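Only one structure is covered here, and it is reproduced in the block below.
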Amino acid sequence: QGMWEAIANNRRRSLLLITFMGMLLVLLGAAIGGAVDPQNGIPFGLLAALVIWFILWLTATAGGEAILLASAHARKIDKPDAPMLWNIVQEMTIASGLPKMPDVYLIDDPSPNAFAVGRAPQVAAVAVTTGLLKRLSRDELQGVIGHEIGHVRNLDIRFMTLAAVMMGAIALLGEGFLRGMYYSGRGRSRASGRGAGGQFQAILMLAAVVLAILAPIAAQMLYFACSRRREYLADASSARYTRFPEGLASALEKIARSGPGEGGSELQKNRVLAPLYIINPRQALAAAGPFATHPPAEDRIRILRAMGNGAGFGE
């Protein structure tokens, strides 16, 4: 029961995270609107924040998967192109109980890595690099695919897309306000008014500036914290599907030791895709802290090997 309880708890935390990020977005929009026009600007700023979020969400859900796969230069393959990979994806699909096998994509890159995309299990895709196929054994590759299928099965991709869009809307709104204030000088001139009205607007302006700076940082920290937790759960899912935690542990060891950019890899140059990979190619082996997208690889390997010795998530 332990694993399913962890997944249920993670979904509850995710709902709270999205709610809090939504409150940050609305609060930031209202504060910016009030700073620009204390009398009528608050509803307008709130509406503008929601419109920005809706446009970004629509873009991400309408064709987000295709955009991400294209940015990785991934090409869709069929079974004859990579029979072992295809069979493993099929096996993990059955083991996980997914209603449909994800599409399989290959990335021509010597650095070993993989990621999954898809807002729903019915429209998911798994992409792996040619370097991953060359370096991993069948058991190791199965562990990696099990991890990616775990993300799809646990609906991590849908949530992380929603959270990323929310985070992007907060960052866009805050940065737009600060840039506009800097270039127009509006903040200095409007906040200098006299009387109670001017003082009130100065307070609103100060609140808007503070929120515009801190809200994107807070949203990013929350997003990364949830991302790290989901990586642990995807590792546990892989161990459950494959019944062989050592396969993923050994694969993570090889991927982490390959180093960023080894062999002329382009993976670490793509900031948008980097957090989606099984190991962030822009993050060091033992990286930790509030701005790390993944848990330290060493910790993940240690936990997986503990599972193999009878510890970890229960049945």
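Ordered as shown in the structure tokens, chains take letters A, B, and onward, while each chain numbers its residues from 1 and ligands are numbered from 1 in the order shown.
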Spatial neighbours of region 125-131 of chain A, 9 Å, only C-alpha atoms, chain gap at least 5 places, as a list of chain:residue names: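 Contacts, with the query itself left out: A:Glu65, A:Leu69, A:Ala74, A:Arg75, A:Lys76, A:Val89, A:Met101, A:Pro102, A:Asp103, A:Val104, A:Tyr105, A:Leu106, A:Ile107, A:Asp108, A:Asp109, A:Pro110, A:Ser111, A:Pro112, A:Asn113, A:Ala114, A:Phe115, A:Ala116, A:Val117, A:Gly118, A:Leu136, A:Ile145, A:Glu148, A:Ile149, A:Val152.
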Residue set, region 6-221 of chain A restricted to strand (DSSP E or B), as a PyMOL selection string: chain A and resi 74-76+103-107+114-117+125-129
